[in-house]
Amino acid sequence: MKLHLAAVITAGLLVSGVSLAQAAEKTAQQQKMTQCNQHASTQNLKGDARKSFMSECLKKESKLADMTPQQVKMKSCNSEAGAKKLSGDARKTFMSGCLKKS
């Protein structure tokens with residue numbers, strides 16, 4: 001009886017070990033979701049801004065997931081400065097402040 005119980009427990013542990021290994025391996029989309037989520041968190045995005053960023057980042061053709069958080073922040077600040085039509089010293093000042101935000 002004890003031998004049977006030990007065999008059942010061992011089999012259960014082996015099966016759960018295989019399940020854990022499979023769960024640890026993320027699909028490409030799951031990895032992309034994790035990276036996009038980290039980028040959005042780095043930029044402290046909330047609400048609609050976060051939704052918009054995540055939507056763009058998760059698109060198949062998007063390269064945002066492959067960028068470092070600093071590159072994503074630079075792209076975001078650059079597009080924000082462009083939307084405000086900043087140039088010269090005003091743009092430099094804005095970019096400096098924007099990139100220093102945590």
# chains A, B, ... in the order shown; residues from 1 in each chain; ligands from 1

$ residues_around --residues "Lys73 of chain A" --least-positions-apart "2" --cutoff "10 Å" --atoms "only C-alpha atoms" --output "list in words"
His39, Ala40, Thr42, Gln43, Met67, Thr68, Pro69, Gln70, Gln71, Lys75, Ser76, Cys77, Asn78, Ser79, Cys98, Leu99, Lys100, Lys101 and Ser102 of chain A

$ residues_around --residues "segment 49-60 of chain A" --least-positions-apart "5" --cutoff "7 Å" --atoms "only C-alpha atoms" --output "JSON, numbers by chain"
{"A": [32, 33, 36, 40, 65]}

$ write_last_selection --atoms "N, CA, C and O atoms" --output "JSON list (two decimals), in the first residue's frame"
[["chain", "number", "residue", "atom", "x", "y", "z"],
["A", 32, "LYS", "N", 5.87, 39.60, -25.72],
["A", 32, "LYS", "CA", 5.64, 40.95, -26.22],
["A", 32, "LYS", "C", 4.74, 41.73, -25.25],
["A", 32, "LYS", "O", 4.98, 42.89, -24.97],
["A", 33, "MET", "N", 3.71, 41.06, -24.73],
["A", 33, "MET", "CA", 2.80, 41.68, -23.76],
["A", 33, "MET", "C", 3.56, 42.10, -22.51],
["A", 33, "MET", "O", 3.38, 43.21, -21.99],
["A", 36, "CYS", "N", 5.76, 45.17, -23.44],
["A", 36, "CYS", "CA", 4.94, 46.37, -23.62],
["A", 36, "CYS", "C", 4.44, 46.88, -22.27],
["A", 36, "CYS", "O", 4.42, 48.08, -22.01],
["A", 40, "ALA", "N", 5.15, 50.52, -20.60],
["A", 40, "ALA", "CA", 4.07, 51.40, -20.17],
["A", 40, "ALA", "C", 4.24, 51.78, -18.70],
["A", 40, "ALA", "O", 4.01, 52.92, -18.31],
["A", 65, "ALA", "N", 7.95, 46.88, -28.81],
["A", 65, "ALA", "CA", 8.29, 45.83, -27.85],
["A", 65, "ALA", "C", 9.78, 45.48, -27.91],
["A", 65, "ALA", "O", 10.35, 45.02, -26.92]]
